[in-house]
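Pasting upload.txt here (compact mmCIF, C-alpha atoms):
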# COMPACT_ATOMS: atom_id res chain seq x y z
CA MET A 291 92.90 -61.89 42.24
CA ALA A 292 91.43 -64.44 44.62
CA LYS A 293 92.57 -68.04 44.44
CA ASN A 294 91.88 -71.21 46.38
CA ASN A 295 94.58 -72.58 48.61
CA SER A 296 96.23 -75.66 47.15
CA SER A 297 96.31 -77.42 50.54
CA ALA A 298 92.48 -77.31 50.57
CA ASP A 299 92.36 -76.23 54.22
CA GLY A 300 89.25 -74.18 53.68
CA HIS A 301 90.51 -70.65 53.20
CA ARG A 302 90.84 -68.49 50.16
CA LYS A 303 93.75 -66.16 49.48
CA GLY A 304 92.66 -62.64 48.52
CA ALA A 305 89.24 -61.08 48.10
CA LEU A 306 86.55 -61.76 45.53
CA ARG A 307 86.59 -58.45 43.71
CA ASP A 308 83.54 -59.01 41.55
CA ARG A 309 81.08 -59.56 44.40
CA SER A 310 79.70 -57.24 47.07
CA PRO A 311 77.24 -57.67 49.97
CA VAL A 312 74.06 -55.60 49.75
CA ASN A 313 70.72 -55.15 51.54
CA GLY A 314 70.15 -56.72 54.95
CA ALA A 315 71.19 -60.25 54.11
CA TRP A 316 74.57 -61.07 52.72
CA GLU A 317 74.11 -61.44 49.00
CA LYS A 318 76.58 -61.90 46.23
CA ARG A 319 76.13 -59.49 43.38
CA ASP A 320 77.94 -59.54 40.09
CA VAL A 321 79.08 -55.93 39.83
CA SER A 322 79.37 -56.06 36.05
CA THR A 323 75.69 -56.93 35.56
CA GLY A 324 74.25 -55.87 38.93
CA ARG A 325 72.49 -59.23 39.29
CA PHE A 326 72.32 -61.12 42.58
CA VAL A 327 74.05 -64.44 42.23
CA ASP A 328 73.70 -65.95 45.72
CA THR A 329 72.25 -65.21 49.19
CA LYS A 330 73.45 -66.52 52.52
CA SER A 331 70.87 -68.30 54.67
CA ASP A 332 72.61 -67.34 57.92
CA SER A 333 73.84 -64.00 59.25
CA ALA A 334 77.54 -64.60 58.56
CA PRO A 335 79.09 -62.80 55.61
CA PHE A 336 80.58 -64.63 52.63
CA LYS A 337 84.27 -65.37 53.04
CA GLY A 338 86.46 -62.87 51.27
CA VAL A 339 83.59 -60.67 50.11
CA ARG A 340 84.19 -56.93 50.31
CA ARG A 341 81.70 -54.81 52.25
CA GLU A 342 79.79 -52.23 50.26
CA ILE A 343 80.91 -48.72 51.22
CA LEU A 344 78.57 -45.92 50.18
CA PHE A 345 80.31 -42.85 48.82
CA PRO A 346 78.86 -39.38 49.37
CA THR A 347 76.95 -38.00 46.43
CA GLU A 348 77.58 -34.35 47.26
CA PRO A 349 80.09 -32.46 45.08
CA SER A 350 83.67 -32.16 46.26
CA THR A 351 85.53 -28.87 46.57
CA ILE A 352 88.88 -30.65 46.16
CA GLY A 353 87.99 -33.27 43.55
CA HIS A 354 87.34 -36.93 44.22
CA LYS A 355 90.24 -38.09 42.06
CA LYS A 356 92.70 -35.99 44.07
CA ILE A 357 91.38 -37.47 47.31
CA ASP A 358 91.57 -40.98 45.83
CA ARG A 359 95.22 -40.48 44.92
CA ALA A 360 96.11 -38.98 48.32
CA VAL A 361 94.42 -41.81 50.25
CA ASP A 362 95.95 -44.49 48.03
CA ARG A 363 99.45 -43.04 48.45
CA VAL A 364 99.19 -42.93 52.25
CA VAL A 365 97.60 -46.37 52.54
CA SER A 366 100.14 -47.98 50.22
CA ARG A 367 103.03 -46.43 52.20
CA LYS A 368 101.72 -48.06 55.38
CA LYS A 369 101.08 -51.51 53.91
CA MET B 73 57.65 -39.79 47.09
CA ARG B 74 60.60 -41.09 49.06
CA HIS B 75 64.12 -39.96 48.29
CA GLU B 76 65.95 -42.71 46.37
CA GLU B 77 68.68 -42.95 49.04
CA TYR B 78 66.21 -42.77 51.97
CA GLU B 79 67.09 -46.23 53.33
CA GLN B 80 70.84 -45.53 53.36
CA ASN B 81 70.87 -41.92 54.61
CA VAL B 82 71.61 -40.99 58.21
CA PHE B 83 70.95 -37.35 59.09
CA ILE B 84 73.31 -36.05 61.76
CA ASN B 85 72.04 -33.14 63.87
CA CYS B 86 74.98 -32.31 66.10
CA PRO B 87 76.87 -29.23 67.30
CA PHE B 88 79.63 -27.99 65.02
CA ASP B 89 81.88 -26.42 67.64
CA THR B 90 85.50 -27.48 67.95
CA GLU B 91 84.99 -29.03 71.41
CA TYR B 92 82.45 -31.42 69.92
CA ALA B 93 84.46 -32.21 66.75
CA SER B 94 85.97 -35.46 68.06
CA ILE B 95 82.51 -36.94 68.72
CA PHE B 96 81.03 -35.61 65.48
CA GLU B 97 83.87 -37.03 63.36
CA ALA B 98 83.71 -40.41 65.13
CA ILE B 99 79.95 -40.59 64.46
CA VAL B 100 80.47 -39.75 60.77
CA PHE B 101 83.09 -42.51 60.55
CA ALA B 102 80.84 -45.06 62.31
CA VAL B 103 77.94 -44.32 59.95
CA ASN B 104 80.22 -44.80 56.93
CA ASP B 105 81.77 -47.99 58.33
CA ALA B 106 78.33 -49.45 59.05
CA GLY B 107 77.54 -49.09 55.34
CA PHE B 108 75.29 -46.03 55.52
CA ARG B 109 75.65 -42.52 54.13
CA PRO B 110 75.96 -39.63 56.62
CA LYS B 111 74.06 -36.44 55.78
CA CYS B 112 74.56 -33.12 57.49
CA ALA B 113 73.49 -29.50 57.03
CA ARG B 114 77.16 -28.63 56.52
CA GLU B 115 77.36 -30.62 53.30
CA ARG B 116 75.52 -28.12 51.16
CA LEU B 117 77.41 -25.01 50.19
CA ASP B 118 74.58 -23.40 48.27
CA SER B 119 73.97 -20.29 50.36
CA SER B 120 70.93 -19.31 48.31
CA GLN B 121 68.89 -22.07 49.95
CA VAL B 122 67.20 -21.10 53.20
CA ARG B 123 68.91 -23.03 56.01
CA LEU B 124 65.72 -24.48 57.45
CA GLU B 125 64.59 -25.68 54.00
CA LYS B 126 67.96 -27.36 53.55
CA ILE B 127 67.60 -29.12 56.89
CA ALA B 128 64.01 -30.18 56.16
CA ASP B 129 65.14 -31.63 52.80
CA LEU B 130 67.88 -33.66 54.50
CA ILE B 131 65.51 -34.90 57.22
CA SER B 132 62.87 -36.10 54.75
CA ALA B 133 65.59 -37.79 52.66
CA SER B 134 66.93 -39.82 55.62
CA ARG B 135 65.34 -42.83 57.29
CA TYR B 136 67.79 -42.59 60.19
CA SER B 137 68.67 -39.53 62.28
CA ILE B 138 71.09 -38.82 65.09
CA HIS B 139 70.19 -35.85 67.31
CA ASP B 140 72.59 -34.71 69.98
CA LEU B 141 71.06 -32.41 72.61
CA SER B 142 74.14 -32.45 74.85
CA ARG B 143 75.08 -28.87 73.97
CA THR B 144 71.67 -27.41 74.76
CA GLU B 145 73.06 -25.05 77.37
CA LEU B 146 73.33 -21.36 78.11
CA ASP B 147 75.46 -19.34 75.75
CA HIS B 148 78.31 -17.53 77.55
CA VAL B 149 77.67 -14.28 75.68
CA ASN B 150 73.86 -14.03 75.61
CA ALA B 151 72.93 -16.32 78.52
CA LEU B 152 70.35 -17.93 76.25
CA PRO B 153 70.08 -21.63 75.37
CA ARG B 154 71.12 -22.89 71.94
CA PHE B 155 67.98 -24.40 70.52
CA ASN B 156 68.88 -25.41 66.96
CA MET B 157 69.33 -29.07 67.85
CA PRO B 158 65.96 -29.43 69.66
CA LEU B 159 64.28 -27.51 66.80
CA GLU B 160 65.67 -29.95 64.21
CA LEU B 161 64.67 -32.89 66.40
CA GLY B 162 61.14 -31.45 66.47
CA ILE B 163 61.07 -31.17 62.68
CA ASP B 164 62.19 -34.80 62.43
CA LEU B 165 59.54 -36.01 64.90
CA GLY B 166 56.93 -34.05 62.91
CA CYS B 167 58.16 -35.63 59.67
CA LYS B 168 57.84 -39.11 61.18
CA LYS B 169 54.39 -38.35 62.60
CA PHE B 170 52.77 -36.57 59.68
CA HIS B 171 54.60 -37.74 56.53
CA PRO B 172 53.00 -41.10 55.60
CA GLU B 173 56.10 -42.29 53.73
CA CYS B 174 58.41 -41.49 56.64
CA SER B 175 56.54 -43.26 59.47
CA ASP B 176 59.33 -45.88 59.64
CA LYS B 177 61.95 -43.27 60.54
CA SER B 178 64.27 -44.15 63.39
CA LEU B 179 65.87 -41.55 65.66
CA LEU B 180 68.83 -41.86 68.00
CA ILE B 181 68.78 -39.08 70.60
CA PHE B 182 71.85 -38.26 72.66
CA ASP B 183 72.15 -36.08 75.74
CA SER B 184 75.04 -35.53 78.11
CA GLU B 185 73.30 -36.89 81.23
CA GLN B 186 70.41 -39.21 81.87
CA TYR B 187 67.07 -37.38 82.42
CA ARG B 188 68.66 -33.92 81.88
CA PHE B 189 66.40 -33.42 78.83
CA GLN B 190 63.34 -33.52 81.12
CA LYS B 191 64.35 -30.11 82.44
CA PHE B 192 64.10 -28.40 79.05
CA VAL B 193 62.03 -30.67 76.74
CA SER B 194 59.89 -32.72 79.12
CA ASP B 195 57.58 -33.68 76.22
CA LEU B 196 60.31 -36.11 75.15
CA GLY B 197 59.46 -38.26 78.18
CA GLY B 198 58.91 -41.84 77.03
CA GLN B 199 61.60 -41.60 74.33
CA ASP B 200 64.85 -43.50 74.77
CA ILE B 201 67.57 -40.90 75.30
CA HIS B 202 71.15 -42.17 75.24
CA GLN B 203 74.34 -40.81 76.76
CA HIS B 204 77.74 -40.75 75.09
CA SER B 205 79.46 -39.21 78.14
CA ASN B 206 81.45 -37.02 75.73
CA SER B 207 83.36 -40.11 74.64
CA PRO B 208 83.85 -40.76 70.89
CA LYS B 209 84.26 -44.48 71.62
CA VAL B 210 80.94 -44.69 73.45
CA ALA B 211 79.24 -42.67 70.70
CA VAL B 212 80.59 -45.04 68.02
CA THR B 213 79.29 -48.11 69.85
CA ARG B 214 75.87 -46.55 70.47
CA VAL B 215 75.53 -45.53 66.81
CA ARG B 216 76.66 -48.95 65.59
CA ASN B 217 74.28 -50.86 67.89
CA TRP B 218 71.35 -48.62 66.98
CA LEU B 219 71.94 -48.98 63.22
CA ARG B 220 72.33 -52.74 63.56
CA THR B 221 69.08 -53.08 65.52
CA GLU B 222 66.97 -50.65 63.53
CA SER B 223 68.10 -51.64 60.04
CA GLY B 224 68.33 -55.39 60.67
CA LYS B 225 71.42 -55.25 58.50
CA SER B 226 73.90 -58.04 59.18
CA GLY B 227 77.65 -57.85 58.74
CA ILE B 228 78.08 -54.50 60.51
CA PRO B 229 81.38 -54.68 62.42
CA SER B 230 81.36 -54.41 66.23
CA GLY B 231 81.69 -51.03 67.93
CA ALA B 232 85.20 -51.95 69.08
CA ALA B 233 86.23 -52.90 65.53
CA ILE B 234 84.82 -49.66 64.10
CA TYR B 235 86.56 -47.58 66.76
CA ALA B 236 89.88 -49.34 66.14
CA ARG B 237 89.54 -48.50 62.44
CA TYR B 238 88.60 -44.92 63.32
CA GLU B 239 91.85 -44.57 65.25
CA GLY B 240 93.73 -45.87 62.21
CA PHE B 241 91.97 -43.36 60.00
CA ARG B 242 92.72 -40.49 62.41
CA SER B 243 96.36 -41.50 62.37
CA ASP B 244 96.46 -41.40 58.54
CA LEU B 245 94.38 -38.24 58.11
CA PRO B 246 97.18 -35.65 58.64
CA GLU B 247 99.27 -37.40 55.97
CA ILE B 248 96.32 -37.56 53.59
CA CYS B 249 95.73 -33.83 54.10
CA ALA B 250 99.44 -33.13 53.62
CA GLU B 251 99.21 -34.89 50.24
CA LEU B 252 96.34 -32.52 49.41
CA ASN B 253 98.22 -29.46 50.72
CA LEU B 254 95.44 -28.88 53.25
CA ASP B 255 95.02 -28.75 56.99
CA VAL B 256 92.62 -31.29 58.50
CA GLY B 257 90.31 -28.42 59.45
CA ASP B 258 90.08 -27.31 55.81
CA LEU B 259 88.13 -30.38 54.73
CA THR B 260 84.46 -29.71 54.04
CA PHE B 261 81.97 -32.20 55.44
CA ALA B 262 81.44 -33.77 52.00
CA ASP B 263 85.19 -34.16 51.44
CA PHE B 264 85.75 -35.48 54.97
CA SER B 265 83.03 -38.09 54.48
CA TYR B 266 84.37 -38.99 51.02
CA THR B 267 87.89 -39.40 52.46
CA ILE B 268 86.53 -41.79 55.10
CA ALA B 269 84.69 -43.84 52.45
CA ARG B 270 87.78 -43.98 50.26
CA TRP B 271 90.00 -44.96 53.22
CA LEU B 272 87.57 -47.72 54.27
CA ASN B 273 87.46 -48.96 50.69
CA ALA B 274 91.26 -49.08 50.57
CA HIS B 275 91.24 -51.26 53.70
CA GLN B 276 88.79 -53.84 52.37
CA PRO B 277 90.02 -57.47 52.34

Final structure tokens representation of the file:
Amino acid sequence: MAKNNSSADGHRKGALRDRSPVNGAWEKRDVSTGRFVDTKSDSAPFKGVRREILFPTEPSTIGHKKIDRAVDRVVSRKK
Amino acid sequence: MRHEEYEQNVFINCPFDTEYASIFEAIVFAVNDAGFRPKCARERLDSSQVRLEKIADLISASRYSIHDLSRTELDHVNALPRFNMPLELGIDLGCKKFHPECSDKSLLIFDSEQYRFQKFVSDLGGQDIHQHSNSPKVAVTRVRNWLRTESGKSGIPSGAAIYARYEGFRSDLPEICAELNLDVGDLTFADFSYTIARWLNAHQP
């Protein structure tokens, strides 16, 4: 969960998990409704906004859930 | 009618031999990290579909294409050149030229040395041909810069940042495969690409 820093020094702790950048410009999109909620006027991304990663649409021979679990286990061990 | 994922798809026409694997895998990672979806003839397991039809489908479904001609060289057994990559490049150029909805296609063409292509496909004169010098790092940067320029998409990380992440992914991949009871070489293209996307997602801020 993202939260603003109490010392008001201009940075946020954590990522905004309900927004994602799409299209050419950096836009905020509410992932629950799919609506755009804001667009940046410059080329810099929004602070703390996750980049949109496109997942392959082709079927898996292993199973996507198995891969998810394997990746999550390895990544969490290294964090 | 355009494929619904046309703007996000990047068709990769590269050799599949083991010597080339390090460059191929780095390119697949760079395409994913830049926020696009890599497509490759290896992704479809349906053997009933004629190979050339499968390739033509992928080409027409992708706005962006990467063609690597660096392995167009004489085969040790038959002493004949391998011409699949130039053939697929030709299909893509034809698609861009004659398909009205694909005229905005963008192609990145690699060869091993500057001007070498003029000795076997001189009709490509006037096209920008790039070299990766058989270096995955150079290939990543070239792919990143090309996608950034051609798509106009902002927020794509630098080539150095993508390559640093690629090294992190390569370091984790054996452990991920061990969790799946597989060898790295057992991953299909679709599963390899999905693993990259999942790994990148797990490393989001």

Fewer than 4 positions away in the same chain doesn't count, so skip those; otherwise give me all residues within 10 Å of Ile248 of chain B, counting only C-alpha atoms, as an NGL selection string.
-> (:A and (357-365)) or (:B and (241-244 or 252-256 or 267 or 271))

Around the point (88.9, -34.8, 47.6), in the coordinates given by the file, pick out the residues reaching within 7 Å, counting all atoms listed in the file, and return them as a PyMOL selection string.
-> (chain A and resi 350-358) or (chain B and resi 263+267)

Can you pull out every residue within 7 Å of Phe108 of chain B, counting only C-alpha atoms, but drop anything in the same chain fewer than 2 positions away, and send it as a list in words?
-> Leu344 of chain A; Gln80, Asn81, Val82, Val103, Asn104, Ala106 and Pro110 of chain B

Of the listed residues B:Glu247, B:Thr90, B:Ala133, B:Thr260, that which approaches Arg367 of chain A most closely, counting only C-alpha atoms | B:Glu247

Could you give me, as a tab-separated table (two decimals) with C-alpha atoms, keeping the file's coordinate frame, the residues that sit within 12 Å of (54.3, -38.0, 65.6) in the file's coordinates, counting all atoms listed in the file?
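And here is the file that came out, out-v2.tsv:
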chain	number	residue	atom	x	y	z
B	161	LEU	CA	64.67	-32.89	66.40
B	162	GLY	CA	61.14	-31.45	66.47
B	163	ILE	CA	61.07	-31.17	62.68
B	164	ASP	CA	62.19	-34.80	62.43
B	165	LEU	CA	59.54	-36.01	64.90
B	166	GLY	CA	56.93	-34.05	62.91
B	167	CYS	CA	58.16	-35.63	59.67
B	168	LYS	CA	57.84	-39.11	61.18
B	169	LYS	CA	54.39	-38.35	62.60
B	170	PHE	CA	52.77	-36.57	59.68
B	171	HIS	CA	54.60	-37.74	56.53
B	172	PRO	CA	53.00	-41.10	55.60
B	174	CYS	CA	58.41	-41.49	56.64
B	175	SER	CA	56.54	-43.26	59.47
B	176	ASP	CA	59.33	-45.88	59.64
B	177	LYS	CA	61.95	-43.27	60.54
B	178	SER	CA	64.27	-44.15	63.39
B	195	ASP	CA	57.58	-33.68	76.22
B	196	LEU	CA	60.31	-36.11	75.15
B	199	GLN	CA	61.60	-41.60	74.33

Of the candidates B:Leu180, B:Ala102, B:Val215, B:Ala151, which one gets nearest to chain A if we count all atoms listed in the file?
->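 Comparing B:Leu180, B:Ala102, B:Val215, B:Ala151 against chain A, the winner is B:Ala102.
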
Residues of chain B near chain A: apply a cut-off of 6 Å, count only C-alpha atoms, and supply the list as a PyMOL selection string.
-> chain B and resi 107+109+225-226+248+251+263+266+269+276-277

Can you spit out the residues from that selection as a compact mmCIF listing (two decimals), keeping the file's coordinate frame, using C-alpha atoms?
# COMPACT_ATOMS: atom_id res chain seq x y z
CA GLY B 107 77.54 -49.09 55.34
CA ARG B 109 75.65 -42.52 54.13
CA LYS B 225 71.42 -55.25 58.50
CA SER B 226 73.90 -58.04 59.18
CA ILE B 248 96.32 -37.56 53.59
CA GLU B 251 99.21 -34.89 50.24
CA ASP B 263 85.19 -34.16 51.44
CA TYR B 266 84.37 -38.99 51.02
CA ALA B 269 84.69 -43.84 52.45
CA GLN B 276 88.79 -53.84 52.37
CA PRO B 277 90.02 -57.47 52.34

Quick one: pull the distance between atom CA of Ala211 of chain B and atom CA of Lys111 of chain B, Å, one decimal.
->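 Atom-to-atom, atom CA of Ala211 of chain B to atom CA of Lys111 of chain B, that is 17.0 Å.
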
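We find atom CA of Asp89 of chain B and atom CA of Glu77 of chain B to be spaced 28.2 Å apart.
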
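Going from atom CA of Pro87 of chain B over to atom CA of Asn156 of chain B, you cover 8.9 Å.
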